[in-house]
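Novice: I have a structure here, written as structure tokens, and I will follow up with some questions on it.
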Amino acid sequence: MITYLAAAIAAIVFYKHPQYCTLSAQAGCILASALGAVSAVRLLLSGQEKIILHPFESAIPFVSVSMTMDALSAFFILILSILTFCVSIYSIGYTAHYHGKRNVSLFHFLYSTFILSMVLVFTADNAVFFFMAWEIMAVLSYFLVVFESEQEENRQAGLIYIVMTHLGTAFLMIAFMLMFYYTNTLDLYASSDHIPDTGRNLMFLFFLIGFATKAGVMPLHIWLPYAHPAAPGNVSALMSGIMIKTAVYGLLRFVFLYLGIETPWWGLLILVIGMGSAVFGVLYALIEQNIKKLLAYSSIENMGIIFIGLGIAFLAFAREIHWVGALALTAALMHCFNHTLFKGGLFLGVGSIHYATHTKNMEELGGLIKRMPVTAVFFLGSALSISAIVPFNGFIGEWLTYQSIFASISSENAALNITLIISVAVLALSGALAAACFIKLFGISFLGHPRSKQAVQAEEVPFTMNLGSGLLASLCLLGGLFPLIPLNLLSRVISSITGNGVVGQLQGGFLLAWYPLKISGNNNTVSPLLILVIVVLLIVISLLLLRAFGGSYRERKFSTWDCGFHSLTPRMQYSGTAFAKPIKIVFKIFFQSSRDLKFQGDHPYHPESMEYTITTESVFEKYVYVPVLIWVTAWSKRLKFMIQTGSVHTYLLYIFIAVLVLMLYNRLG
């Protein structure tokens, strides 16, 4: 914590020297993240229950700063530290394009304190301090979203983000008020046994709305596709990679650990939200042409997968099937860890593309693999991981989620079984669409011919940017080949909060991890490393057989078939819009697509040029948010004449009535 503060102070001290400011601030964040990762791993390996720190005591009730790092906090601090370490290395080169153009000192101050606020969120041990850290995190991230404030779309994105995040915060505040009302304490580690069932259900709903808004799951996702594209590339990696995970931490801390899981419908509601987010998130990602907006929608999909795991875990613990609950919770947290790595790598890769080409429009890219080969390799690794391709780490969390769903199916409840089977289908559909989405993103952006002057002039980004992206891509591969390393750490977290671990039942060793295990008598086992070895052997054997029995051959070189034209041009290539067209047709009810074809020229049958435009609308914006906004605006204008009268006497009357109501409430209470 102190090192992050030192980094923020260094950013202010060197405000007149952008290069020194960047190096000192990012070096401080790199050191702080390394220390944070070491501290988190040490606590998880030592078996120590928690570490308590009281850096600031106050005579004012509930205002004292008190922090506690237990196993759950340590896990989230670990993934925050890993991502911060890589992003901070990347930022040394990335922020160079701000030198002489923007206030670099302000950016690094906001960057350092934003990371510090997330550390405080993960370690706060009372609701007031948690709420303060949560608000600080929201405000700092807002300033980072609108950092390039000269663009109208960025200011609009910031407005949507700050409104939605404070809407979620309002629900959290109500939940904290109920927490104090029933228990007379705001300590997160206090008992909640005296809270009645009605109070528990209300608190759950308020916590769910508050944290789901920050997670960006549908239908509370409206801010995410606007804020992530507006923020700088390194900030987008932090927001998508770890900030939205604070919602998962909050649900586990306040619902799972504090309230306890006794009601199955809690888990069922979370499961349904997760299924909707997974499908709709990837559908909107697949049709998107803005590369950062595509990744933002993909984050909605992956948060949906995490919520599916959480929903299965809550259901299992409510039904007292603790082993299945522990497996599902392991799957959810494992996907949290993996998503931090590959989504952070993807956002850094997209940041590199924007750095080199100054465009976020996929249709203006192409051919970047020849101009940015290092960036292309690292981006491909992260893309394979998010597509759950073996042997990358994205496969692990999804596979464990599948197994936890299968293990939850029993002969007790037919309706629940149907829901679980639908969740399997949803998970499979979202996985297939995610693979298609990132085939489109990588293929249109990196392969083929350049589609614009920006793509032709693109050059490889600075070394530090590739180093940060490369570290994350390498961790994605290593995490898939050696999954027992993160699973061992995660098992200690699961054991500390549920009393049940899963790694002890996993088969395999350090190099060959078989997971998951024997579930309900079935031997469901898989090894990414073994699959990789088999695939490589099949390729080698096929080549040897072709060489041995294929006869002699002579190598001949020909140009690419160009359909009779003199040479291929960028206009002949498949576009991102065309790639997603079949999906738009199949799921057109969700996209509200409209087409516009314009001809230019004197003769309609022989036009000089044609302009074909397809626009899509979000059903959530069109049928939910826009009508609500219109209704609120209309009523606000009506009430304005009653409340904002300009008369001091009227305002005094309002105050008098409010005081009377509070006195009456106090007497009746």
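How things are named: the first chain in the structure tokens is A, the next is B, and so on; residues count from 1 in each chain; ligands count from 1 in the order shown.
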As a VMD selection string, list the residues of range 272-506 of chain A assigned to helix (DSSP H, G or I) by DSSP on the backbone atoms of this structure.
Specialist: chain A and resid 272 to 287 291 to 318 322 to 357 362 to 364 368 to 371 373 to 386 394 to 408 414 to 446 453 to 456 463 to 481 484 to 498 503 to 505
Novice: So which residues touch Ala376 in chain A within 9 Å, counting only C-alpha atoms, skipping near sequence neighbours fewer than 6 positions away, as a compact mmCIF listing (two decimals) with C-alpha atoms, in the first residue's frame?
Specialist:
# COMPACT_ATOMS: atom_id res chain seq x y z
CA GLY A 349 -2.88 -6.14 -27.60
CA LEU A 368 -0.80 -6.34 -39.30
CA ILE A 369 0.86 -9.72 -38.80
CA LYS A 370 3.60 -8.67 -41.24
CA PHE A 442 -7.62 -11.90 -35.28
CA PHE A 446 -3.93 -9.26 -38.60
Novice: Hey, could you make a per-residue contact list for range 329-388 of chain A against range 221-230 of chain A with 12 Å as the cut-off, showing the nearest pair of atoms and its distance in Å to one decimal, counting only C-alpha atoms, sorted by chain and number, as a Markdown table?
Specialist:
| residue | atom | partner | partner_atom | distance |
| --- | --- | --- | --- | --- |
| A:Phe347 | CA | A:His228 | CA | 9.4 |
| A:Val350 | CA | A:Pro229 | CA | 10.2 |
| A:Gly351 | CA | A:Pro229 | CA | 10.0 |
| A:His354 | CA | A:Pro229 | CA | 10.9 |
| A:Thr359 | CA | A:Pro229 | CA | 11.5 |
| A:Lys360 | CA | A:Pro229 | CA | 8.6 |
| A:Asn361 | CA | A:Pro229 | CA | 11.3 |
Novice: Considering only C-alpha atoms, return as a PyMOL selection string whatever protein or nucleic-acid residues lie within 12 Å of Ser352 in chain A, sequence-local ones (same chain, fewer than 3 positions apart) excluded.
Specialist: chain A and resi 90-91+93-95+97+232-234+237+291-292+345-349+355-360+368+372-376+378-379+458-469
Novice: Quick one: residues within 8 Å of range 555-569 of chain A, only C-alpha atoms counted, chain neighbours fewer than 3 positions away excluded, as JSON, numbers by chain?
Specialist: {"A": [449, 572, 573]}
Novice: Would you kindly return, as a ChimeraX atom specification, each protein, DNA or RNA residue with an atom no farther than 12 Å from any atom of Gly158 in chain A, considering only C-alpha atoms and excluding same-chain residues fewer than 4 positions away?
Specialist: /A:138-149,151-154,162-165,222-231
Novice: Would you mind exporting the chosen residues as a short mmCIF file (atom, residue, chain, number, x, y, z; two decimals), in the first residue's frame, restricted to N, CA, C and O atoms?
Specialist:
data_model
loop_
_atom_site.label_atom_id
_atom_site.label_comp_id
_atom_site.auth_asym_id
_atom_site.auth_seq_id
_atom_site.Cartn_x
_atom_site.Cartn_y
_atom_site.Cartn_z
N ALA A 138 -14.52 4.00 -7.80
CA ALA A 138 -15.45 4.42 -8.84
C ALA A 138 -15.08 5.80 -9.39
O ALA A 138 -15.08 6.01 -10.62
N VAL A 139 -14.77 6.73 -8.51
CA VAL A 139 -14.45 8.09 -8.95
C VAL A 139 -13.14 8.12 -9.73
O VAL A 139 -13.04 8.77 -10.79
N LEU A 140 -12.13 7.43 -9.24
CA LEU A 140 -10.84 7.41 -9.93
C LEU A 140 -10.96 6.76 -11.30
O LEU A 140 -10.38 7.24 -12.29
N SER A 141 -11.70 5.68 -11.38
CA SER A 141 -11.88 5.02 -12.68
C SER A 141 -12.66 5.91 -13.63
O SER A 141 -12.41 5.89 -14.85
N TYR A 142 -13.59 6.71 -13.11
CA TYR A 142 -14.32 7.66 -13.96
C TYR A 142 -13.35 8.67 -14.59
O TYR A 142 -13.43 8.94 -15.79
N PHE A 143 -12.46 9.23 -13.78
CA PHE A 143 -11.50 10.20 -14.31
C PHE A 143 -10.58 9.56 -15.35
O PHE A 143 -10.16 10.22 -16.31
N LEU A 144 -10.26 8.29 -15.18
CA LEU A 144 -9.43 7.61 -16.16
C LEU A 144 -10.21 7.34 -17.46
O LEU A 144 -9.64 7.39 -18.55
N VAL A 145 -11.50 7.05 -17.33
CA VAL A 145 -12.33 6.82 -18.51
C VAL A 145 -12.41 8.09 -19.37
O VAL A 145 -12.33 8.03 -20.60
N VAL A 146 -12.53 9.25 -18.73
CA VAL A 146 -12.67 10.51 -19.47
C VAL A 146 -11.34 11.23 -19.59
O VAL A 146 -11.32 12.44 -19.83
N PHE A 147 -10.24 10.51 -19.46
CA PHE A 147 -8.93 11.17 -19.52
C PHE A 147 -8.73 11.88 -20.85
O PHE A 147 -8.22 13.00 -20.91
N GLU A 148 -9.14 11.25 -21.94
CA GLU A 148 -9.08 11.90 -23.26
C GLU A 148 -10.43 12.61 -23.49
O GLU A 148 -11.22 12.24 -24.34
N SER A 149 -10.64 13.66 -22.70
CA SER A 149 -11.97 14.28 -22.59
C SER A 149 -12.33 15.17 -23.76
O SER A 149 -13.46 15.66 -23.83
N GLN A 151 -12.86 14.25 -26.64
CA GLN A 151 -13.77 13.51 -27.51
C GLN A 151 -15.14 13.40 -26.85
O GLN A 151 -15.25 12.95 -25.70
N GLU A 152 -16.16 13.79 -27.57
CA GLU A 152 -17.52 13.80 -27.04
C GLU A 152 -17.96 12.40 -26.60
O GLU A 152 -18.62 12.24 -25.56
N GLU A 153 -17.59 11.38 -27.36
CA GLU A 153 -18.01 10.02 -27.02
C GLU A 153 -17.40 9.57 -25.69
O GLU A 153 -18.03 8.81 -24.94
N ASN A 154 -16.20 10.04 -25.37
CA ASN A 154 -15.58 9.69 -24.10
C ASN A 154 -16.30 10.36 -22.93
O ASN A 154 -16.48 9.75 -21.87
N ILE A 162 -20.55 6.79 -14.65
CA ILE A 162 -20.68 7.32 -13.29
C ILE A 162 -22.12 7.22 -12.80
O ILE A 162 -22.36 6.98 -11.60
N VAL A 163 -23.10 7.37 -13.69
CA VAL A 163 -24.49 7.22 -13.29
C VAL A 163 -24.79 5.78 -12.88
O VAL A 163 -25.39 5.52 -11.82
N MET A 164 -24.36 4.82 -13.70
CA MET A 164 -24.64 3.42 -13.40
C MET A 164 -23.90 2.94 -12.16
O MET A 164 -24.44 2.21 -11.34
N THR A 165 -22.63 3.37 -12.01
CA THR A 165 -21.88 2.89 -10.85
C THR A 165 -22.45 3.46 -9.56
O THR A 165 -22.46 2.79 -8.52
N ILE A 222 -25.00 -1.74 -19.23
CA ILE A 222 -25.08 -0.66 -20.20
C ILE A 222 -23.82 0.21 -20.23
O ILE A 222 -23.40 0.71 -21.27
N TRP A 223 -23.16 0.35 -19.07
CA TRP A 223 -21.99 1.23 -19.00
C TRP A 223 -20.75 0.61 -19.62
O TRP A 223 -19.87 1.32 -20.14
N LEU A 224 -20.64 -0.70 -19.57
CA LEU A 224 -19.38 -1.36 -19.90
C LEU A 224 -18.97 -1.21 -21.37
O LEU A 224 -17.81 -0.89 -21.65
N PRO A 225 -19.87 -1.40 -22.35
CA PRO A 225 -19.44 -1.22 -23.75
C PRO A 225 -19.08 0.22 -24.11
O PRO A 225 -18.51 0.45 -25.17
N TYR A 226 -19.43 1.18 -23.25
CA TYR A 226 -19.05 2.57 -23.51
C TYR A 226 -17.76 2.95 -22.78
O TYR A 226 -16.90 3.63 -23.34
N ALA A 227 -17.63 2.51 -21.52
CA ALA A 227 -16.49 2.95 -20.71
C ALA A 227 -15.19 2.29 -21.13
O ALA A 227 -14.15 2.96 -21.22
N HIS A 228 -15.19 0.99 -21.39
CA HIS A 228 -13.94 0.31 -21.75
C HIS A 228 -13.32 0.84 -23.04
O HIS A 228 -12.11 1.05 -23.09
N PRO A 229 -14.10 1.07 -24.10
CA PRO A 229 -13.48 1.63 -25.31
C PRO A 229 -12.97 3.06 -25.13
O PRO A 229 -12.04 3.49 -25.81
N ALA A 230 -13.58 3.82 -24.20
CA ALA A 230 -13.18 5.21 -24.02
C ALA A 230 -11.88 5.34 -23.24
O ALA A 230 -11.10 6.27 -23.46
N ALA A 231 -11.63 4.44 -22.31
CA ALA A 231 -10.46 4.52 -21.45
C ALA A 231 -9.19 4.20 -22.24
O ALA A 231 -9.24 3.50 -23.26
#
Novice: Find the residues around Pro450 in chain A up to 7 Å (only C-alpha atoms counted), leave out those fewer than 2 positions away in its own chain, and share them as a list in words.
Specialist: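 So the residues in contact are Leu365, Gly366, Gly367, Gly448, Ser452, Ala455, Val456 and Pro570 of chain A.
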Novice: For Gly601 in chain A, find every residue with an atom within 12 Å (counting only C-alpha atoms), except residues of its own chain fewer than 6 positions away, and show them as a PDB file with N, CA and C atoms, in the first residue's frame.
Specialist:
ATOM      1  N   PRO A 607     -24.290   2.525 -61.396  1.00  0.00           N
ATOM      2  CA  PRO A 607     -23.850   3.579 -60.475  1.00  0.00           C
ATOM      3  C   PRO A 607     -22.325   3.671 -60.424  1.00  0.00           C
ATOM      4  N   GLU A 608     -21.865   4.855 -60.097  1.00  0.00           N
ATOM      5  CA  GLU A 608     -20.424   5.041 -59.933  1.00  0.00           C
ATOM      6  C   GLU A 608     -19.916   4.361 -58.663  1.00  0.00           C
ATOM      7  N   SER A 609     -20.736   4.390 -57.631  1.00  0.00           N
ATOM      8  CA  SER A 609     -20.364   3.741 -56.367  1.00  0.00           C
ATOM      9  C   SER A 609     -21.629   3.419 -55.581  1.00  0.00           C
ATOM     10  N   MET A 610     -21.497   2.507 -54.648  1.00  0.00           N
ATOM     11  CA  MET A 610     -22.604   2.130 -53.772  1.00  0.00           C
ATOM     12  C   MET A 610     -22.123   2.166 -52.328  1.00  0.00           C
ATOM     13  N   GLU A 611     -22.988   2.601 -51.455  1.00  0.00           N
ATOM     14  CA  GLU A 611     -22.689   2.642 -50.016  1.00  0.00           C
ATOM     15  C   GLU A 611     -23.723   1.809 -49.278  1.00  0.00           C
TER      16      GLU A 611
END
Novice: Which one is closest to Glu49 in chain A: A:Val377, A:Leu159, A:Ile497, A:Ile409? Count only C-alpha atoms.
Specialist: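 For Glu49 in chain A, the nearest of the given residues is A:Ile497.
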Novice: Using DSSP secondary structure from the backbone, list all strand (DSSP E) positions within range 17-241 of chain A, as a ChimeraX atom specification.
Specialist: /A:50-56,65-70
Novice: For those residues, write N, CA, C and O atoms to a file as a short mmCIF file (atom, residue, chain, number, x, y, z; two decimals), in the first residue's frame.
Specialist:
data_model
loop_
_atom_site.label_atom_id
_atom_site.label_comp_id
_atom_site.auth_asym_id
_atom_site.auth_seq_id
_atom_site.Cartn_x
_atom_site.Cartn_y
_atom_site.Cartn_z
N LYS A 50 -5.49 -15.09 8.75
CA LYS A 50 -5.59 -13.73 8.22
C LYS A 50 -4.55 -12.83 8.86
O LYS A 50 -3.97 -13.15 9.91
N ILE A 51 -4.33 -11.70 8.21
CA ILE A 51 -3.42 -10.68 8.71
C ILE A 51 -4.24 -9.41 8.92
O ILE A 51 -4.94 -8.96 8.01
N ILE A 52 -4.14 -8.81 10.11
CA ILE A 52 -4.94 -7.63 10.46
C ILE A 52 -4.02 -6.43 10.58
O ILE A 52 -2.94 -6.50 11.17
N LEU A 53 -4.46 -5.31 9.98
CA LEU A 53 -3.68 -4.09 10.01
C LEU A 53 -4.60 -2.93 10.36
O LEU A 53 -5.68 -2.79 9.78
N HIS A 54 -4.20 -2.09 11.32
CA HIS A 54 -4.96 -0.90 11.72
C HIS A 54 -4.08 0.33 11.55
O HIS A 54 -3.51 0.85 12.51
N PRO A 55 -3.96 0.85 10.33
CA PRO A 55 -3.06 1.98 10.12
C PRO A 55 -3.60 3.31 10.62
O PRO A 55 -2.85 4.26 10.80
N PHE A 56 -4.92 3.40 10.85
CA PHE A 56 -5.49 4.68 11.26
C PHE A 56 -6.65 4.44 12.22
O PHE A 56 -7.63 3.78 11.87
N VAL A 65 -9.74 3.23 9.87
CA VAL A 65 -9.28 2.41 8.76
C VAL A 65 -8.75 1.10 9.31
O VAL A 65 -7.76 1.08 10.05
N SER A 66 -9.41 0.02 8.96
CA SER A 66 -9.01 -1.30 9.44
C SER A 66 -9.02 -2.26 8.26
O SER A 66 -10.02 -2.37 7.55
N MET A 67 -7.89 -2.94 8.07
CA MET A 67 -7.75 -3.83 6.92
C MET A 67 -7.41 -5.24 7.38
O MET A 67 -6.65 -5.42 8.33
N THR A 68 -7.97 -6.21 6.69
CA THR A 68 -7.71 -7.61 6.98
C THR A 68 -7.48 -8.35 5.67
O THR A 68 -8.29 -8.22 4.74
N MET A 69 -6.42 -9.12 5.61
CA MET A 69 -6.18 -9.96 4.43
C MET A 69 -6.30 -11.42 4.84
O MET A 69 -5.45 -11.95 5.56
N ASP A 70 -7.40 -12.04 4.43
CA ASP A 70 -7.57 -13.47 4.64
C ASP A 70 -7.33 -14.18 3.31
O ASP A 70 -6.83 -13.58 2.35
#
Novice: Just give me the gap between CA of Leu257 in chain A and CA of Ala34 in chain A in Å, one decimal is fine.
Specialist: 28.4 Å
Novice: How many Å lie between CA of Ala435 in chain A and CA of Tyr297 in chain A, rounded to one decimal?
Specialist: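 Interatomic distance, CA of Ala435 in chain A to CA of Tyr297 in chain A: 13.9 Å.
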Novice: I'd like to know which of A:Phe85, A:Phe109, A:Phe482, A:Phe211 is closest to Ala6 in chain A, using only C-alpha atoms.
Specialist: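 Nearest candidate to Ala6 in chain A out of A:Phe85, A:Phe109, A:Phe482, A:Phe211: A:Phe109.
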